[in-house]
Amino acid sequence: MRDKRQTVLFTLAMLVLFFAVGISAWYRAKKIGKISFLEHLDDTAVTVDGMDYQFRDLAVYLARQEYIVEEQAKVYDYEKTHLYWNLHANGIFIRVEARDLAMDMAVHDIIFYNMALEEGYELTKDEISYMENQIMDFWYDLEEGKERLGISEKEAEETFLQMALAQKRQYILAEEMGVDKEEYDVNGSMYQELLKEHTYQINETLWKRLNFGNITIH
């Protein structure tokens, strides 16, 4: 009888252990698993100088980066582009590097765009025409990925306006400082100094789980 009781207790203990391990594995998978971009459009992706920006605000940046990397991947292996996406270079996966570059570019443009707004900058007719051509190229390159991106044409236009005004303010600042405009690009030394004057916080919990490379393309 005693042996039988010990067997039952052992079995119950093992069941509890297996259950606990299963719950832990499920929680871990949920915590680190890839997320659907469309399901998190309205979640905060980054906070810059105290202002929240949602994933939909970064949609154009992500889509453009995916297109650039995919074109490079086709050159590497046209039939198996995923091989390029998963390459490890300079201590980081190309997929991760491109994803984070999209964020860096968005933060860069947000900072310069807000500077332009504060100082009353506007686009000229030629600059607007150039921006409109960029928008047309963007939708053409996106093709069937438009629905997968989940934003409206108006939202995309607002992002391109942000990009254009940011670029204008960047170039003018470079002229004012007597340096090449590249100094205020994302990786430019002058921009890195400027960035220290601002604050930004990325929503790492969601950002790292973003299924980049599979947002607008298969």
# chains A, B, ... in the order shown; residues from 1 in each chain; ligands from 1

$ residues_around --residues "Glu204 in chain A" --least-positions-apart "4" --cutoff "10 Å" --atoms "only C-alpha atoms" --output "list of chain:residue names"
A:Ala45, A:Val46, A:Lys208, A:Arg209, A:Leu210

$ closest_atom_pairs --of "range 132-151 of chain A" --to "range 68-74 of chain A" --cutoff "12 Å" --atoms "only C-alpha atoms" --output "Markdown table"
| residue | atom | partner | partner_atom | distance |
| --- | --- | --- | --- | --- |
| A:Phe138 | CA | A:Ile68 | CA | 11.4 |
| A:Asp141 | CA | A:Ile68 | CA | 10.0 |
| A:Leu142 | CA | A:Ile68 | CA | 11.0 |

$ closest_atom_pairs --of "range 31-82 of chain A" --to "range 96-117 of chain A" --cutoff "12 Å" --atoms "only C-alpha atoms" --output "Markdown table"
| residue | atom | partner | partner_atom | distance |
| --- | --- | --- | --- | --- |
| A:Ala45 | CA | A:Met103 | CA | 8.9 |
| A:Val46 | CA | A:Val107 | CA | 8.2 |
| A:Thr47 | CA | A:Val107 | CA | 9.0 |
| A:Val48 | CA | A:Val107 | CA | 7.1 |
| A:Asp49 | CA | A:Ile111 | CA | 8.5 |
| A:Gly50 | CA | A:Ile111 | CA | 11.7 |
| A:Met51 | CA | A:Ile110 | CA | 10.1 |
| A:Asp52 | CA | A:Ile110 | CA | 11.0 |
| A:Tyr53 | CA | A:Ile110 | CA | 9.4 |
| A:Gln54 | CA | A:Ala106 | CA | 11.3 |
| A:Phe55 | CA | A:Met103 | CA | 10.1 |
| A:Arg56 | CA | A:Ala106 | CA | 11.6 |
| A:Asp57 | CA | A:Ala106 | CA | 8.6 |
| A:Leu58 | CA | A:Ala106 | CA | 6.5 |
| A:Ala59 | CA | A:Ala102 | CA | 9.3 |
| A:Val60 | CA | A:Ala102 | CA | 9.0 |
| A:Tyr61 | CA | A:Ala102 | CA | 5.3 |
| A:Leu62 | CA | A:Ala102 | CA | 5.6 |
| A:Ala63 | CA | A:Ala102 | CA | 8.8 |
| A:Arg64 | CA | A:Ala102 | CA | 8.3 |
| A:Gln65 | CA | A:Ala102 | CA | 6.3 |
| A:Glu66 | CA | A:Ala98 | CA | 7.7 |
| A:Tyr67 | CA | A:Ala98 | CA | 10.5 |
| A:Ile68 | CA | A:Ala98 | CA | 9.0 |
| A:Val69 | CA | A:Ala98 | CA | 7.4 |
| A:Glu70 | CA | A:Ala98 | CA | 10.7 |
| A:Gln72 | CA | A:Ala98 | CA | 11.7 |

$ residues_around --residues "range 167-170 of chain A" --least-positions-apart "3" --cutoff "9 Å" --atoms "only C-alpha atoms" --output "ChimeraX atom specification"
/A:109,112-113,115-116,121-123,162-164,173-175,181,184-185

$ write_last_selection --atoms "C-alpha atoms" --output "PDB file, in the first residue's frame"
ATOM      1  CA  ASP A 109      13.762  62.188 -39.713  1.00  0.00           C
ATOM      2  CA  PHE A 112      14.882  67.019 -38.283  1.00  0.00           C
ATOM      3  CA  TYR A 113      11.189  67.214 -39.194  1.00  0.00           C
ATOM      4  CA  MET A 115      13.183  71.169 -36.233  1.00  0.00           C
ATOM      5  CA  ALA A 116      11.767  72.157 -39.617  1.00  0.00           C
ATOM      6  CA  TYR A 121      10.135  75.475 -43.179  1.00  0.00           C
ATOM      7  CA  GLU A 122       7.975  74.554 -46.173  1.00  0.00           C
ATOM      8  CA  LEU A 123       8.582  72.659 -49.396  1.00  0.00           C
ATOM      9  CA  GLN A 162       8.157  64.232 -42.997  1.00  0.00           C
ATOM     10  CA  MET A 163      11.085  62.739 -44.922  1.00  0.00           C
ATOM     11  CA  ALA A 164      11.235  65.651 -47.364  1.00  0.00           C
ATOM     12  CA  LEU A 173      21.946  72.779 -41.264  1.00  0.00           C
ATOM     13  CA  ALA A 174      24.921  71.220 -43.037  1.00  0.00           C
ATOM     14  CA  GLU A 175      25.341  74.426 -45.068  1.00  0.00           C
ATOM     15  CA  LYS A 181      25.325  66.985 -45.844  1.00  0.00           C
ATOM     16  CA  TYR A 184      24.112  64.699 -40.747  1.00  0.00           C
ATOM     17  CA  ASP A 185      23.086  61.338 -42.208  1.00  0.00           C
TER      18      ASP A 185
END

$ select_by_dssp --residues "range 75-193 of chain A" --states "helix (DSSP H, G or I)" --output "PyMOL selection string"
chain A and resi 75-76+82-85+94-118+125-142+145-149+153-177+181-184+189-193

$ atom_distance --atom1 "CA of Ser129 in chain A" --atom2 "CA of Glu155 in chain A"
17.8 Å

$ atom_distance --atom1 "CA of Ser152 in chain A" --atom2 "CA of Leu206 in chain A"
22.3 Å

$ residues_around --residues "Glu153 in chain A" --least-positions-apart "4" --cutoff "10 Å" --atoms "only C-alpha atoms" --output "PyMOL selection string"
chain A and resi 135+139+146+157-159

$ residues_around --residues "Ile217 in chain A" --least-positions-apart "3" --cutoff "8 Å" --atoms "only C-alpha atoms" --output "compact mmCIF listing (two decimals) with all heavy atoms, in the first residue's frame"
# COMPACT_ATOMS: atom_id res chain seq x y z
N GLU A 66 12.79 46.81 -46.47
CA GLU A 66 12.54 45.45 -46.95
C GLU A 66 12.77 45.37 -48.46
O GLU A 66 13.37 44.39 -48.95
CB GLU A 66 11.10 45.02 -46.62
CG GLU A 66 10.90 44.62 -45.18
CD GLU A 66 9.60 43.86 -44.96
OE1 GLU A 66 8.65 44.07 -45.75
OE2 GLU A 66 9.53 43.06 -44.03
N GLY A 145 2.28 44.17 -51.65
CA GLY A 145 2.56 44.37 -50.23
C GLY A 145 1.79 45.52 -49.61
O GLY A 145 1.85 45.73 -48.41
N GLY A 213 11.19 41.51 -42.79
CA GLY A 213 11.54 40.66 -43.93
C GLY A 213 10.33 39.89 -44.43
O GLY A 213 10.36 39.30 -45.51
N ASN A 214 9.27 39.93 -43.64
CA ASN A 214 8.02 39.26 -44.02
C ASN A 214 6.81 40.16 -43.77
O ASN A 214 5.69 39.67 -43.60
CB ASN A 214 7.84 37.97 -43.21
CG ASN A 214 8.88 36.93 -43.57
OD1 ASN A 214 8.82 36.32 -44.63
ND2 ASN A 214 9.85 36.74 -42.69

$ atom_distance --atom1 "CA of Ser36 in chain A" --atom2 "CA of Thr216 in chain A"
11.4 Å
